[in-house]
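What follows is run_32.tsv (TSV, C-alpha atoms).
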chain	number	residue	atom	x	y	z
A	23	ILE	CA	0.00	0.00	0.00
A	24	ALA	CA	3.02	2.32	0.19
A	25	GLN	CA	4.43	1.68	-3.32
A	26	LYS	CA	2.56	1.35	-6.59
A	27	SER	CA	5.16	-0.73	-8.47
A	28	GLU	CA	6.74	-4.12	-7.81
A	29	VAL	CA	10.32	-4.20	-6.54
A	30	TYR	CA	12.11	-4.66	-9.89
A	31	PRO	CA	10.63	-1.50	-11.48
A	32	LEU	CA	11.37	0.43	-8.28
A	33	LEU	CA	15.03	-0.63	-8.46
A	34	THR	CA	15.29	0.33	-12.13
A	35	HIS	CA	13.88	3.75	-11.19
A	36	GLY	CA	16.65	4.39	-8.68
A	37	VAL	CA	15.42	2.93	-5.38
A	38	ARG	CA	18.33	1.43	-3.44
A	39	TYR	CA	16.95	1.02	0.10
A	40	LEU	CA	14.09	-1.43	0.65
A	41	ASP	CA	12.06	-1.33	3.87
A	42	ILE	CA	10.47	-4.78	4.20
A	43	ARG	CA	8.19	-6.07	6.99
A	44	ILE	CA	7.92	-9.86	7.17
A	45	ALA	CA	5.33	-12.07	8.82
A	46	GLU	CA	5.32	-15.87	9.13
A	47	HIS	CA	2.03	-17.77	9.14
A	48	ASP	CA	1.76	-21.56	9.05
A	49	GLY	CA	5.38	-21.79	7.94
A	50	GLU	CA	4.84	-19.43	4.97
A	51	TRP	CA	6.54	-16.04	4.60
A	52	TYR	CA	4.76	-12.81	3.71
A	53	GLY	CA	5.69	-9.19	3.24
A	54	CYS	CA	3.14	-7.12	5.13
A	55	HIS	CA	2.00	-3.58	5.78
A	56	GLY	CA	-0.87	-3.31	8.20
A	57	LEU	CA	-3.38	-6.00	7.29
A	58	LEU	CA	-2.17	-6.37	3.69
A	59	ALA	CA	0.27	-9.14	2.84
A	60	ALA	CA	1.81	-10.98	-0.11
A	61	PRO	CA	4.42	-13.78	-0.35
A	62	ILE	CA	8.01	-12.50	-0.18
A	63	ASP	CA	9.36	-14.70	-2.97
A	64	GLY	CA	8.45	-12.02	-5.54
A	65	PHE	CA	10.42	-9.38	-3.63
A	66	LEU	CA	13.41	-11.73	-3.32
A	67	ILE	CA	13.44	-12.74	-6.99
A	68	ASP	CA	13.01	-9.13	-8.17
A	69	THR	CA	15.98	-8.01	-6.06
A	70	ILE	CA	18.20	-10.90	-7.15
A	71	ARG	CA	17.22	-10.33	-10.78
A	72	PHE	CA	18.23	-6.65	-10.56
A	73	LEU	CA	21.57	-7.46	-8.93
A	74	SER	CA	22.28	-10.19	-11.48
A	75	LYS	CA	21.76	-7.81	-14.40
A	76	THR	CA	23.90	-4.95	-13.07
A	77	ASP	CA	27.48	-4.26	-12.05
A	78	GLY	CA	28.53	-1.79	-9.40
A	79	GLU	CA	25.09	-1.39	-7.83
A	80	PHE	CA	24.13	-2.21	-4.26
A	81	VAL	CA	20.81	-2.46	-2.45
A	82	VAL	CA	20.19	-2.11	1.28
A	83	VAL	CA	17.48	-4.49	2.51
A	84	GLU	CA	16.11	-3.56	5.91
A	85	LEU	CA	13.93	-6.14	7.62
A	86	ARG	CA	12.03	-3.41	9.44
A	87	HIS	CA	9.64	-5.60	11.43
A	88	THR	CA	9.32	-9.36	11.78
A	89	TYR	CA	6.32	-11.25	13.12
A	90	PHE	CA	6.68	-14.97	13.89
A	91	GLU	CA	3.97	-17.50	14.59
A	92	THR	CA	5.66	-20.92	14.68
A	93	VAL	CA	9.33	-20.43	13.68
A	94	GLY	CA	11.92	-17.66	13.72
A	95	TYR	CA	14.94	-15.94	12.19
A	96	TYR	CA	16.87	-19.11	11.46
A	97	GLU	CA	14.04	-20.47	9.32
A	98	LEU	CA	13.55	-17.06	7.69
A	99	PHE	CA	17.12	-16.98	6.47
A	100	GLU	CA	16.89	-20.61	5.43
A	101	TYR	CA	13.95	-19.58	3.26
A	102	ILE	CA	15.78	-16.56	1.86
A	103	ALA	CA	18.65	-18.89	0.91
A	104	SER	CA	16.22	-21.27	-0.83
A	105	VAL	CA	14.64	-18.70	-3.18
A	106	LYS	CA	16.86	-18.43	-6.25
A	107	TYR	CA	17.04	-16.66	-9.60
A	108	GLU	CA	19.42	-18.17	-12.15
A	109	GLY	CA	20.87	-20.36	-9.42
A	110	LYS	CA	21.63	-17.62	-6.87
A	111	SER	CA	19.88	-16.50	-3.71
A	112	LEU	CA	19.94	-13.00	-2.26
A	113	LEU	CA	22.45	-14.21	0.34
A	114	ASP	CA	24.89	-14.96	-2.49
A	115	TYR	CA	25.11	-11.22	-3.08
A	116	VAL	CA	26.39	-10.52	0.44
A	117	ARG	CA	30.06	-10.09	-0.50
A	118	TYR	CA	31.49	-9.10	2.87
A	119	ASP	CA	31.47	-10.51	6.41
A	120	LYS	CA	30.16	-8.07	8.98
A	121	ASN	CA	32.20	-9.83	11.66
A	122	ASP	CA	35.33	-8.66	9.82
A	123	THR	CA	34.04	-5.23	8.76
A	124	PRO	CA	32.12	-2.91	11.10
A	125	LEU	CA	29.49	-0.85	9.31
A	126	GLU	CA	31.41	2.42	9.66
A	127	GLU	CA	34.39	0.79	7.90
A	128	LEU	CA	32.36	-0.83	5.11
A	129	ARG	CA	33.13	0.70	1.72
A	130	TYR	CA	31.56	0.61	-1.71
A	131	ASN	CA	34.14	-1.82	-3.13
A	132	ASP	CA	33.57	-4.22	-0.21
A	133	VAL	CA	29.84	-4.33	-0.95
A	134	VAL	CA	29.93	-4.71	-4.74
A	135	ASN	CA	33.24	-6.61	-5.01
A	136	GLY	CA	33.35	-6.74	-8.81
A	137	GLY	CA	29.61	-7.13	-9.34
A	138	SER	CA	26.57	-5.87	-7.46
A	139	GLY	CA	25.83	-6.52	-3.80
A	140	VAL	CA	23.38	-6.33	-0.94
A	141	ILE	CA	23.51	-5.16	2.68
A	142	PHE	CA	21.07	-6.62	5.20
A	143	VAL	CA	19.92	-4.50	8.13
A	144	MET	CA	17.70	-5.64	11.00
A	145	ARG	CA	16.35	-4.08	14.17
A	146	GLU	CA	17.86	-6.96	16.15
A	147	GLY	CA	21.31	-8.34	15.44
A	148	PRO	CA	22.81	-11.78	16.00
A	149	THR	CA	24.81	-10.49	18.95
A	150	ASP	CA	21.47	-10.26	20.78
A	151	MET	CA	20.82	-13.97	20.30
A	152	PHE	CA	20.89	-16.50	23.10
A	153	VAL	CA	20.65	-20.20	22.33
A	154	GLY	CA	19.95	-22.70	25.10
A	155	TYR	CA	18.93	-26.35	25.23
A	156	ILE	CA	16.44	-28.50	27.16
A	157	TYR	CA	17.60	-32.09	27.66
A	158	ASP	CA	15.57	-35.25	28.14
A	159	ASP	CA	16.21	-37.87	30.83
A	160	GLU	CA	18.82	-39.56	28.66
A	161	GLY	CA	20.82	-36.37	28.16
A	162	ASN	CA	19.71	-35.73	24.58
A	163	VAL	CA	18.57	-32.32	23.36
A	164	SER	CA	14.76	-32.31	23.29
A	165	LYS	CA	14.21	-28.62	22.59
A	166	THR	CA	16.23	-25.59	21.55
A	167	ILE	CA	15.41	-22.23	23.10
A	168	ILE	CA	16.32	-19.18	21.02
A	169	GLN	CA	15.93	-15.71	22.50
A	170	TRP	CA	16.34	-12.79	20.14
A	171	GLY	CA	15.11	-9.22	20.26
A	172	GLY	CA	12.85	-9.89	23.22
A	173	SER	CA	11.23	-12.91	21.58
A	174	THR	CA	11.60	-16.50	22.73
A	175	ILE	CA	11.32	-19.29	20.18
A	176	ALA	CA	11.27	-22.95	21.21
A	177	THR	CA	11.90	-25.52	18.49
A	178	GLY	CA	12.56	-29.23	18.25
A	179	LYS	CA	15.77	-28.65	16.30
A	180	ASP	CA	19.28	-28.90	17.71
A	181	TYR	CA	20.83	-25.69	16.45
A	182	ASP	CA	24.58	-25.29	16.14
A	183	LEU	CA	25.54	-21.79	17.23
A	184	ASP	CA	28.34	-21.57	14.64
A	185	VAL	CA	25.87	-22.37	11.86
A	186	ILE	CA	23.49	-19.66	13.07
A	187	PHE	CA	26.17	-16.99	13.07
A	188	ARG	CA	27.50	-18.13	9.71
A	189	ASN	CA	24.04	-17.72	8.21
A	190	PHE	CA	23.81	-14.19	9.56
A	191	LYS	CA	27.28	-13.08	8.48
A	192	GLY	CA	25.91	-10.24	6.37
A	193	VAL	CA	23.33	-8.84	8.79
A	194	TYR	CA	23.83	-5.62	10.70
A	195	GLY	CA	21.49	-4.91	13.60
A	196	GLU	CA	20.53	-1.71	15.43
A	197	VAL	CA	22.05	0.62	12.83
A	198	VAL	CA	19.10	2.76	11.77
A	199	TYR	CA	18.11	6.27	12.82
A	200	ASP	CA	14.75	7.06	11.27
A	201	PRO	CA	12.43	9.50	13.01
A	202	TRP	CA	8.99	9.31	11.44
A	203	HIS	CA	7.62	12.78	11.08
A	204	ASN	CA	4.12	11.25	11.18
A	205	GLN	CA	2.18	14.23	9.84
A	206	THR	CA	-0.38	14.98	7.16
A	207	THR	CA	-0.04	18.73	6.57
A	208	ASP	CA	2.86	20.06	4.49
A	209	LYS	CA	3.79	22.61	7.15
A	210	LYS	CA	4.10	20.12	10.02
A	211	MET	CA	5.92	17.56	7.89
A	212	LEU	CA	8.54	20.06	6.74
A	213	GLU	CA	8.94	21.37	10.30
A	214	GLY	CA	9.59	17.83	11.50
A	215	ILE	CA	12.22	17.19	8.82
A	216	ARG	CA	14.00	20.45	9.58
A	217	GLU	CA	14.01	19.79	13.33
A	218	THR	CA	15.58	16.37	12.72
A	219	ALA	CA	18.19	17.83	10.34
A	220	ALA	CA	19.15	20.45	12.93
A	221	LEU	CA	19.48	17.79	15.63
A	222	LEU	CA	21.74	15.66	13.46
A	223	LYS	CA	23.91	18.63	12.49
A	224	GLU	CA	24.48	19.36	16.18
A	225	ASN	CA	25.31	15.73	17.01
A	226	LYS	CA	27.24	14.47	13.98
A	227	GLU	CA	29.60	12.22	15.89
A	228	THR	CA	26.77	10.37	17.64
A	229	TYR	CA	25.21	9.22	14.38
A	230	THR	CA	28.29	8.57	12.21
A	231	SER	CA	27.92	4.78	12.02
A	232	VAL	CA	24.18	4.45	11.41
A	233	PHE	CA	21.88	4.65	8.40
A	234	ARG	CA	20.19	8.03	8.82
A	235	ILE	CA	16.82	8.01	7.09
A	236	ASN	CA	14.61	10.96	6.24
A	237	GLN	CA	11.17	9.33	6.48
A	238	ALA	CA	9.40	11.99	4.46
A	239	GLN	CA	6.18	10.10	3.78
A	240	LYS	CA	2.88	11.41	5.06
A	241	THR	CA	0.30	9.50	7.06
A	242	PRO	CA	-3.41	10.26	7.57
A	243	LYS	CA	-4.06	11.81	10.99
A	244	PHE	CA	-7.46	12.79	12.28
A	245	GLU	CA	-6.47	15.90	14.17
A	246	LEU	CA	-8.31	19.18	13.66
A	247	ASP	CA	-5.91	20.73	11.13
A	248	SER	CA	-5.25	17.40	9.38
A	249	ILE	CA	-8.81	16.15	8.83
A	250	PRO	CA	-9.31	17.79	5.40
A	251	ALA	CA	-6.01	16.42	4.05
A	252	SER	CA	-6.74	12.98	5.49
A	253	LEU	CA	-10.27	12.82	4.05
A	254	PHE	CA	-9.39	14.04	0.57
A	255	GLY	CA	-6.06	12.22	0.31
A	256	TRP	CA	-6.87	9.12	2.26
A	257	SER	CA	-4.39	6.69	0.71
A	258	LEU	CA	-0.63	6.69	1.29
A	259	LEU	CA	-0.16	6.71	-2.49
A	260	ASP	CA	-2.38	9.77	-2.95
A	261	LEU	CA	-0.66	11.66	-0.15
A	262	ALA	CA	2.78	10.86	-1.58
A	263	ASN	CA	1.81	11.62	-5.17
A	264	ARG	CA	0.86	15.17	-4.20
A	265	PHE	CA	3.66	15.81	-1.72
A	266	ASN	CA	6.84	14.18	-3.06
A	267	ALA	CA	7.70	16.82	-5.65
A	268	LYS	CA	7.24	19.59	-3.04
A	269	LEU	CA	10.06	18.07	-1.00
A	270	LEU	CA	12.50	18.59	-3.85
A	271	GLU	CA	11.50	22.25	-4.14
A	272	GLN	CA	12.69	23.04	-0.61
A	273	PRO	CA	15.82	25.24	-0.70
A	274	ASP	CA	17.49	23.17	2.04
A	275	PHE	CA	16.81	19.75	0.48
A	276	LYS	CA	20.52	19.13	-0.17
A	277	GLU	CA	21.31	20.11	3.42
A	278	TRP	CA	18.94	17.34	4.54
A	279	LEU	CA	20.92	14.87	2.44
A	280	SER	CA	24.14	15.86	4.21
A	281	VAL	CA	22.76	14.51	7.52
A	282	MET	CA	20.04	12.12	6.29
A	283	PRO	CA	21.49	10.54	3.14
A	284	VAL	CA	18.70	7.95	2.88
A	285	PHE	CA	15.59	9.64	1.47
A	286	GLN	CA	12.48	7.50	2.09
A	287	VAL	CA	9.12	8.20	0.46
A	288	ASP	CA	5.99	6.31	-0.48
A	289	TYR	CA	5.27	6.03	-4.23
A	290	ALA	CA	8.99	6.40	-4.99
A	291	ASP	CA	8.55	6.17	-8.77
A	292	SER	CA	5.77	8.75	-8.98
A	293	MET	CA	6.20	11.09	-11.96
A	294	LYS	CA	3.81	13.81	-10.74
A	295	GLY	CA	5.78	17.03	-11.05
A	296	GLY	CA	8.60	14.98	-12.59
A	297	PHE	CA	9.43	13.64	-9.12
A	298	ASN	CA	11.28	10.40	-9.95
A	299	ASP	CA	13.44	11.90	-12.71
A	300	LYS	CA	14.24	14.92	-10.57
A	301	VAL	CA	15.14	13.06	-7.39
A	302	VAL	CA	17.42	10.64	-9.22
A	303	ALA	CA	19.21	13.58	-10.89
A	304	ILE	CA	19.59	15.40	-7.55
A	305	LEU	CA	20.94	12.30	-5.78
A	306	ASN	CA	23.38	11.54	-8.61
A	307	GLU	CA	24.66	15.11	-8.61
A	308	TYR	CA	24.98	15.09	-4.82
A	309	ASN	CA	26.92	11.80	-4.81
A	310	ARG	CA	29.29	12.95	-7.55
A	311	GLY	CA	30.13	15.95	-5.42
A	312	LEU	CA	31.14	13.95	-2.35
Whole structure given in structure tokens:
Amino acid sequence: IAQKSEVYPLLTHGVRYLDIRIAEHDGEWYGCHGLLAAPIDGFLIDTIRFLSKTDGEFVVVELRHTYFETVGYYELFEYIASVKYEGKSLLDYVRYDKNDTPLEELRYNDVVNGGSGVIFVMREGPTDMFVGYIYDDEGNVSKTIIQWGGSTIATGKDYDLDVIFRNFKGVYGEVVYDPWHNQTTDKKMLEGIRETAALLKENKETYTSVFRINQAQKTPKFELDSIPASLFGWSLLDLANRFNAKLLEQPDFKEWLSVMPVFQVDYADSMKGGFNDKVVAILNEYNRGL
């Protein structure tokens, strides 16, 4: 409900940071937003397909929220490894080992390494994981207890800790700074962005090693001064289609990029007001000047 296109067209239109929320139900995996969900294999194949057809590109995949019913992260990454396009899974495009390279030391050449690559980001990292075992009367493992990110998962499998960490070699956790301005009116949204930019300018050292995201997408709010905008632009797509181009017109837009280099919007390939063409040109020009 936040993007109009599938993942592959979004990537070909310049999107390089994917915010994905994943839910597991009856052992199946879905991408979800609110009550809407679809299987994640399409997202995985689209991303692999893009990486396979390009050189020198990289995509950041953030698993923003995860909701488990019967299994957990181990099975999720097993599934990600099983979905392939032309014989490769998305994990095959992780070309670095985060245990050897802290995020702040990771460089473009490490990520692409002669082709195209992917960076995984999660709200919980493998360093937060605890694995324990319950034994039966004969001393055999009867259950494995995995605690991660405040969740406890009990399974009948005997997990090897080394295998778990090997599977998560490319995942960074707790590396996102993304205040959601959570407004409907233009005035309040722009005020929120500018307040965040000022905060980051004053505290540069604190946020050096995190992905700093300008969440510039609107959301319907039924407060007195937001009711008209919410009623007449009720969908996230409609709100974004009208607002995205206005963001680029702000005289301090490039200053925002200097402290929030990830620019996140709904309807990222909207062409109303020439938005998609303009934002790609601005970002390319900005990056060439670094």
Check your understanding: Any idea what's packed within 8 Å of A:Ile235, counting all atoms listed in the file, ignoring anything in its chain fewer than 6 positions away? Could you give it as an NGL selection string?
Key -> :A and (198-201 or 282-286)
Please produce an output containing C-alpha atoms for each residue in the selection, written as an mmCIF file, in the frame of the given file.
data_model
loop_
_atom_site.group_PDB
_atom_site.id
_atom_site.type_symbol
_atom_site.label_atom_id
_atom_site.label_comp_id
_atom_site.auth_asym_id
_atom_site.auth_seq_id
_atom_site.Cartn_x
_atom_site.Cartn_y
_atom_site.Cartn_z
ATOM 1 C CA VAL A 198 19.100 2.760 11.770
ATOM 2 C CA TYR A 199 18.110 6.270 12.820
ATOM 3 C CA ASP A 200 14.750 7.060 11.270
ATOM 4 C CA PRO A 201 12.430 9.500 13.010
ATOM 5 C CA MET A 282 20.040 12.120 6.290
ATOM 6 C CA PRO A 283 21.490 10.540 3.140
ATOM 7 C CA VAL A 284 18.700 7.950 2.880
ATOM 8 C CA PHE A 285 15.590 9.640 1.470
ATOM 9 C CA GLN A 286 12.480 7.500 2.090
#
Point to revise | Between atom CA of A:Leu269 and atom CA of A:Asn309, distance in Å (one decimal) | key: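 These two atoms are separated by 18.4 Å.
Among the candidates A:Gly36, A:Leu312, A:Val140, A:Trp202, the one nearest to A:Lys300 when counting only C-alpha atoms is A:Gly36.
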Review point. Skipping near chain neighbours, those fewer than 2 positions away, what residues fall within 7 Å of stretch 92-94 of chain A using all atoms listed in the file, listed as number ranges by chain?
Key: A: 48-49, 90, 96-98, 175
Output for the residues just chosen: C-alpha atoms as a tab-separated table (two decimals), in the frame of the given file:
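Below is the file out_10.tsv, written as the result:
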chain	number	residue	atom	x	y	z
A	48	ASP	CA	1.76	-21.56	9.05
A	49	GLY	CA	5.38	-21.79	7.94
A	90	PHE	CA	6.68	-14.97	13.89
A	96	TYR	CA	16.87	-19.11	11.46
A	97	GLU	CA	14.04	-20.47	9.32
A	98	LEU	CA	13.55	-17.06	7.69
A	175	ILE	CA	11.32	-19.29	20.18
Review point. What does the distance between atom CA of A:Asp291 and atom CA of A:Ser27 come to in Å, to one decimal place?
Key: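 For atom CA of A:Asp291 relative to atom CA of A:Ser27, the distance reads 7.7 Å.
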Check your understanding: Do you have the atom CA of A:Ala24-atom CA of A:Asp260 distance handy?
Key ->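 Value for the atom CA of A:Ala24-atom CA of A:Asp260 distance: 9.7 Å.
Of the residues under consideration (A:Tyr30, A:Tyr229, A:Tyr39, A:Tyr101), A:Tyr101 shows the shortest atom-to-atom contact distance to A:Tyr52 when counting all atoms listed in the file.
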Review point. Between A:Tyr107, A:Tyr157, A:Tyr89, A:Tyr289, which has the minimum distance to A:Thr69 (counting all atoms listed in the file)?
Key: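 Closest candidate: A:Tyr107.
When all atoms listed in the file are used to measure the gap to A:Asn135, the shortest distance among A:Asp159, A:Glu79, A:Phe99, A:Ala60 belongs to A:Glu79.
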Practice item. Choose the residue, out of A:Arg216, A:Gly296, A:Pro61, A:Ile67, that has the smallest atom-to-atom separation from A:Asp274; count all atoms listed in the file. Key: A:Arg216
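For the set A:Asp77, A:Glu213, A:Glu84, A:Asp114, the residue with the smallest atom-to-atom gap to A:Asn131 is A:Asp77, counting only C-alpha atoms.
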Could I see stretch 112-123 of chain A restored to all heavy atoms, set down as a PDB file, in the frame of the given file?
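This is the output file out-v1.pdb:
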ATOM      1  N   LEU A 112      19.540 -14.345  -2.649  1.00  0.00           N
ATOM      2  CA  LEU A 112      19.940 -13.000  -2.260  1.00  0.00           C
ATOM      3  C   LEU A 112      21.166 -13.033  -1.345  1.00  0.00           C
ATOM      4  O   LEU A 112      22.002 -12.124  -1.369  1.00  0.00           O
ATOM      5  CB  LEU A 112      18.770 -12.285  -1.583  1.00  0.00           C
ATOM      6  CG  LEU A 112      18.893 -10.769  -1.396  1.00  0.00           C
ATOM      7  CD1 LEU A 112      19.213 -10.062  -2.699  1.00  0.00           C
ATOM      8  CD2 LEU A 112      17.627 -10.199  -0.785  1.00  0.00           C
ATOM      9  N   LEU A 113      21.291 -14.097  -0.552  1.00  0.00           N
ATOM     10  CA  LEU A 113      22.450 -14.210   0.340  1.00  0.00           C
ATOM     11  C   LEU A 113      23.750 -14.348  -0.439  1.00  0.00           C
ATOM     12  O   LEU A 113      24.824 -14.006   0.075  1.00  0.00           O
ATOM     13  CB  LEU A 113      22.274 -15.403   1.283  1.00  0.00           C
ATOM     14  CG  LEU A 113      21.105 -15.334   2.265  1.00  0.00           C
ATOM     15  CD1 LEU A 113      21.107 -16.561   3.171  1.00  0.00           C
ATOM     16  CD2 LEU A 113      21.132 -14.064   3.091  1.00  0.00           C
ATOM     17  N   ASP A 114      23.686 -14.841  -1.673  1.00  0.00           N
ATOM     18  CA  ASP A 114      24.890 -14.960  -2.490  1.00  0.00           C
ATOM     19  C   ASP A 114      25.457 -13.608  -2.883  1.00  0.00           C
ATOM     20  O   ASP A 114      26.608 -13.518  -3.317  1.00  0.00           O
ATOM     21  CB  ASP A 114      24.602 -15.782  -3.755  1.00  0.00           C
ATOM     22  CG  ASP A 114      24.340 -17.246  -3.457  1.00  0.00           C
ATOM     23  OD1 ASP A 114      25.031 -17.797  -2.577  1.00  0.00           O
ATOM     24  OD2 ASP A 114      23.447 -17.839  -4.088  1.00  0.00           O
ATOM     25  N   TYR A 115      24.650 -12.558  -2.738  1.00  0.00           N
ATOM     26  CA  TYR A 115      25.110 -11.220  -3.080  1.00  0.00           C
ATOM     27  C   TYR A 115      25.636 -10.452  -1.870  1.00  0.00           C
ATOM     28  O   TYR A 115      25.987  -9.278  -1.984  1.00  0.00           O
ATOM     29  CB  TYR A 115      23.996 -10.436  -3.783  1.00  0.00           C
ATOM     30  CG  TYR A 115      23.766 -10.940  -5.189  1.00  0.00           C
ATOM     31  CD1 TYR A 115      22.847 -11.956  -5.443  1.00  0.00           C
ATOM     32  CD2 TYR A 115      24.503 -10.438  -6.260  1.00  0.00           C
ATOM     33  CE1 TYR A 115      22.648 -12.446  -6.732  1.00  0.00           C
ATOM     34  CE2 TYR A 115      24.322 -10.919  -7.543  1.00  0.00           C
ATOM     35  CZ  TYR A 115      23.395 -11.926  -7.771  1.00  0.00           C
ATOM     36  OH  TYR A 115      23.222 -12.407  -9.048  1.00  0.00           O
ATOM     37  N   VAL A 116      25.697 -11.099  -0.716  1.00  0.00           N
ATOM     38  CA  VAL A 116      26.390 -10.520   0.440  1.00  0.00           C
ATOM     39  C   VAL A 116      27.870 -10.846   0.262  1.00  0.00           C
ATOM     40  O   VAL A 116      28.299 -11.986   0.420  1.00  0.00           O
ATOM     41  CB  VAL A 116      25.878 -11.110   1.764  1.00  0.00           C
ATOM     42  CG1 VAL A 116      26.661 -10.514   2.937  1.00  0.00           C
ATOM     43  CG2 VAL A 116      24.394 -10.836   1.929  1.00  0.00           C
ATOM     44  N   ARG A 117      28.678  -9.861  -0.091  1.00  0.00           N
ATOM     45  CA  ARG A 117      30.060 -10.090  -0.500  1.00  0.00           C
ATOM     46  C   ARG A 117      31.074  -9.688   0.577  1.00  0.00           C
ATOM     47  O   ARG A 117      32.252  -9.554   0.309  1.00  0.00           O
ATOM     48  CB  ARG A 117      30.339  -9.333  -1.798  1.00  0.00           C
ATOM     49  CG  ARG A 117      29.371  -9.709  -2.928  1.00  0.00           C
ATOM     50  CD  ARG A 117      29.721  -8.980  -4.218  1.00  0.00           C
ATOM     51  NE  ARG A 117      28.737  -9.206  -5.267  1.00  0.00           N
ATOM     52  CZ  ARG A 117      28.703 -10.270  -6.066  1.00  0.00           C
ATOM     53  NH1 ARG A 117      29.608 -11.228  -5.909  1.00  0.00           N
ATOM     54  NH2 ARG A 117      27.785 -10.373  -7.007  1.00  0.00           N
ATOM     55  N   TYR A 118      30.619  -9.481   1.768  1.00  0.00           N
ATOM     56  CA  TYR A 118      31.490  -9.100   2.870  1.00  0.00           C
ATOM     57  C   TYR A 118      31.036  -9.885   4.094  1.00  0.00           C
ATOM     58  O   TYR A 118      29.954 -10.478   4.115  1.00  0.00           O
ATOM     59  CB  TYR A 118      31.388  -7.596   3.165  1.00  0.00           C
ATOM     60  CG  TYR A 118      29.990  -7.214   3.585  1.00  0.00           C
ATOM     61  CD1 TYR A 118      29.617  -7.187   4.929  1.00  0.00           C
ATOM     62  CD2 TYR A 118      29.010  -6.928   2.634  1.00  0.00           C
ATOM     63  CE1 TYR A 118      28.322  -6.896   5.307  1.00  0.00           C
ATOM     64  CE2 TYR A 118      27.711  -6.630   3.010  1.00  0.00           C
ATOM     65  CZ  TYR A 118      27.378  -6.618   4.336  1.00  0.00           C
ATOM     66  OH  TYR A 118      26.090  -6.336   4.711  1.00  0.00           O
ATOM     67  N   ASP A 119      31.849  -9.884   5.143  1.00  0.00           N
ATOM     68  CA  ASP A 119      31.470 -10.510   6.410  1.00  0.00           C
ATOM     69  C   ASP A 119      31.447  -9.422   7.467  1.00  0.00           C
ATOM     70  O   ASP A 119      32.462  -8.802   7.753  1.00  0.00           O
ATOM     71  CB  ASP A 119      32.461 -11.603   6.794  1.00  0.00           C
ATOM     72  CG  ASP A 119      31.986 -12.427   7.987  1.00  0.00           C
ATOM     73  OD1 ASP A 119      31.254 -11.875   8.824  1.00  0.00           O
ATOM     74  OD2 ASP A 119      32.344 -13.606   8.078  1.00  0.00           O
ATOM     75  N   LYS A 120      30.268  -9.174   8.020  1.00  0.00           N
ATOM     76  CA  LYS A 120      30.160  -8.070   8.980  1.00  0.00           C
ATOM     77  C   LYS A 120      31.010  -8.296  10.211  1.00  0.00           C
ATOM     78  O   LYS A 120      31.379  -7.349  10.902  1.00  0.00           O
ATOM     79  CB  LYS A 120      28.711  -7.861   9.399  1.00  0.00           C
ATOM     80  CG  LYS A 120      28.234  -8.817  10.459  1.00  0.00           C
ATOM     81  CD  LYS A 120      26.945  -8.318  11.078  1.00  0.00           C
ATOM     82  CE  LYS A 120      26.606  -9.138  12.293  1.00  0.00           C
ATOM     83  NZ  LYS A 120      27.516  -8.911  13.432  1.00  0.00           N
ATOM     84  N   ASN A 121      31.345  -9.561  10.506  1.00  0.00           N
ATOM     85  CA  ASN A 121      32.200  -9.830  11.660  1.00  0.00           C
ATOM     86  C   ASN A 121      33.618  -9.349  11.426  1.00  0.00           C
ATOM     87  O   ASN A 121      34.374  -9.130  12.368  1.00  0.00           O
ATOM     88  CB  ASN A 121      32.185 -11.329  11.961  1.00  0.00           C
ATOM     89  CG  ASN A 121      30.799 -11.821  12.345  1.00  0.00           C
ATOM     90  OD1 ASN A 121      30.162 -11.263  13.220  1.00  0.00           O
ATOM     91  ND2 ASN A 121      30.317 -12.845  11.660  1.00  0.00           N
ATOM     92  N   ASP A 122      34.003  -9.175  10.150  1.00  0.00           N
ATOM     93  CA  ASP A 122      35.330  -8.660   9.820  1.00  0.00           C
ATOM     94  C   ASP A 122      35.315  -7.166   9.539  1.00  0.00           C
ATOM     95  O   ASP A 122      36.349  -6.504   9.625  1.00  0.00           O
ATOM     96  CB  ASP A 122      35.890  -9.380   8.577  1.00  0.00           C
ATOM     97  CG  ASP A 122      36.071 -10.872   8.801  1.00  0.00           C
ATOM     98  OD1 ASP A 122      36.324 -11.256   9.962  1.00  0.00           O
ATOM     99  OD2 ASP A 122      35.964 -11.641   7.829  1.00  0.00           O
ATOM    100  N   THR A 123      34.140  -6.625   9.189  1.00  0.00           N
ATOM    101  CA  THR A 123      34.040  -5.230   8.760  1.00  0.00           C
ATOM    102  C   THR A 123      32.908  -4.519   9.457  1.00  0.00           C
ATOM    103  O   THR A 123      31.739  -4.701   9.097  1.00  0.00           O
ATOM    104  CB  THR A 123      33.822  -5.145   7.227  1.00  0.00           C
ATOM    105  OG1 THR A 123      34.770  -5.972   6.569  1.00  0.00           O
ATOM    106  CG2 THR A 123      33.964  -3.716   6.747  1.00  0.00           C
TER     107      THR A 123
END
